[in-house]
Structure formats: structure tokens, C-alpha cells
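Here the structure comes first, spelled out in C-alpha cells, and everything after it is commentary.
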Amino acid sequence: MVVVPAGGEFKKDFAIGKYEISIGDWSKYCALTGKCKPETDREKFNDPVTGITLKQAEDYVKWLSERTGKKYRLPNPDEWKYAASVGGKLTPDSEEFKAIKGSLNCRVTLGDKILKGTGIANIKSGRANAWGLKNFVGNVQEWVIGSNGAEAMGGAFSDAISNCDLNNVRAHDGSADGTTGFRIVLEDVG
């Protein structure tokens with residue numbers, strides 16, 4: 001978790017996952033609850049979990065809250081954007097984002113050949129933003145829950161690098177797919 005300092009509309013600090021929830025995290029949940037089948041291939045443990053529904057992600061967060069006694073949940077769009085953009089300082093045109101963009105797991109092509117963005121990458125790959133978030137753009141798009149329902153933010157490995165940025169938001173019906181994952185927020189960080 002990364003503590004995000006208060007600012008703008010946020011009157012108190014909150015914490016958000018430094019990484020997307022991994023297959024290893026998900027497998028631990030599966031093994032302890034029996035609600036799903038844990039992955040046994042340890043080489044996949046640091047890949048982001050995909051192929052689950054929004055309901056399953058929400059069940060995971062509920063279980064984590066009950067298990068730890070702390071309040072975890074999916075971020076809302078404003079929290080996600082604030083954390084990913086370092087309080088609005090990181091914009092698609094900023095020098096810092098331009099420096100990070102080369103490490104994003106988004107689709108790069110040369111003619112008909114895909115050079116980058118052929119699939120998901122390790123959650124610890126790429127450059128972090130100034131607050132320490134990794135893969136906040138690209139790799140897998142991330143569920144957020146707001147007044148418009150579920151949305152996916154940040155773009156995924158299958159999105160063209162030109163469309164992979166902080167403003168990539170799309171409606172999502174919550175169904176399972178191979179490009180959507182999530183990170184979590186911890187309320188009340190002290």
C-alpha cells in the first residue's frame with residue numbers, strides 16, 4: 001500500500017495498492033475460502049489477476065476487510081485519478097509522464113508487428129509514479145466504482161500506446177475478461 005497525502009478534495013490521507021492485485025494474492029484468497037481454484041504455477045503469482053468478475057473482486061475485498069479488521073474497497077474514480085496523477089501533477093503532457101510512458105505495458109506496433117503489449121506483465125514491472133504506484137496506466141485496466149457504476153481506468157496492454165494514459169476511462173459491465181484487474185484502497189490510514 002502507498003499512503004496518498006490529503007489534498008484537493010481529499011481532506012485526509014488514504015492508502016491505495018502500490019500494485020494491482022496479483023494472481024498470488026488471489027490464489028491465497030481462493031485457498032483460504034474455497035470459493036475459487038488457486039493458481040499453482042508460482043511463475044504467474046506476480047501477474048495481475050484477470051478473468052474474474054467485478055462481483056468476485058468485491059467479494060475478495062470484503063473477505064480481506066473481514067480477515068484484517070480494516071476497511072478495504074475498490075477505489076472510486078476520483079481516488080484512482082488523484083493517486084495515479086500524483087495529486088494532479090502528473091498529466092499526459094508532463095515530463096514525468098513522458099519518462100514513465102516508455103515503461104508502460106501498452107501496445108506498440110511497427111507495421112503489422114506487435115513490439116510491446118502482447119499480454120500482461122509482472123505487477124512490479126515498469127516505472128512508478130512519484131507516489132510509488134506501479135502499472136497505474138497500461139498492463140490491465142483497473143475497476144473503479146463511482147456514481148456511474150463500474151468503470152475501468154488507465155488502459156490495458158491491448159490499448160495502443162497513444163491511448164494509454166490517465167484519461168483512459170471506459171464503462172464496464174463487471175464481466176470477466178482478460179484485460180481488467182483491480183487495486184484496492186484502505187480507508188483510515190492512521
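Following the order of the C-alpha cells, first chain is A, next is B, and so on, with residues numbered from 1 inside each chain and ligands from 1 in the order they appear.
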Using only C-alpha atoms, determine which residues lie at most 7 Å from stretch 184-186 of chain A, disregarding the query and same-chain residues fewer than 3 positions distant; provide the list as a ChimeraX atom specification.
-> /A:14-17,71-75,189
Residue neighbourhood A:Lys55, 12 Å, only C-alpha atoms, exclusion window fewer than 2 positions, as a ChimeraX atom specification = /A:51-53,57-62,74,143,145,150,173-176,182
From the DSSP assignment of the backbone, select every residue of stretch 12-145 of chain A that is strand (DSSP E), and format the answer as an MDAnalysis selection string.
-> chainID A and resid 14:16 72:73 108:110 113:116 141:145
Restricting to only C-alpha atoms, whichever of A:Asp93, A:Ala160, A:Lys134, A:Glu39 is closest to A:Leu110 is A:Ala160
Can you tell me, as a list of chain:residue names, what residues are no more than 10 Å from A:Asp159 when counting only C-alpha atoms, ignoring any on the same chain fewer than 6 positions away?
-> A:Asn105, A:Cys106, A:Arg107, A:Val108, A:Gly117, A:Gly138, A:Asn139, A:Val140, A:Gln141, A:Asp165, A:Asn168, A:Thr179
As a ChimeraX atom specification, which residues of stretch 7-151 of chain A does DSSP assign to alpha helix (DSSP H)?
-> /A:23-33,54-68,77-84,95-101
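With only C-alpha atoms taken into account, the protein and nucleic acid residues at most 8 Å from A:Tyr19 (excluding it and anything under 4 positions from it in its own chain) are Met1, Ile123, Lys124, Leu133, Lys134, Asn135 and Arg183 of chain A.
Of the residues under consideration (A:Ser103, A:Ser85, A:Thr40, A:Ser22), A:Ser103 shows the shortest atom-to-atom contact distance to A:Gly126 when counting only C-alpha atoms.
Take atom CA of A:Glu43 and atom CA of A:Gly119: the distance between them is 14.9 Å.
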With only C-alpha atoms as the basis for distance, which of A:Lys89, A:Arg42, A:Lys28, A:Lys12 is at the shortest distance from A:Leu64?
-> A:Lys28
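The closest residue to A:Cys30, picked from A:Gly154, A:Trp63, A:Gly8, A:Gly69 and counting only C-alpha atoms, is A:Trp63.
Of the listed residues A:Ala84, A:Ile161, A:Ala156, A:Ala31, the one whose atoms come nearest to A:Phe136 is A:Ala84, with distances taken using only C-alpha atoms.
Among the candidate residues A:Leu104, A:Ala121, A:Val2, A:Ala83, the one lying nearest to A:Phe45 is A:Ala121, with distances computed using only C-alpha atoms.
Take atom CA of A:Gly7 and atom CA of A:Glu66: the distance between them is 29.1 Å.
Atom CA of A:Leu166 to atom CA of A:Ser65 spans 28.0 Å [interatomic distance, one decimal].
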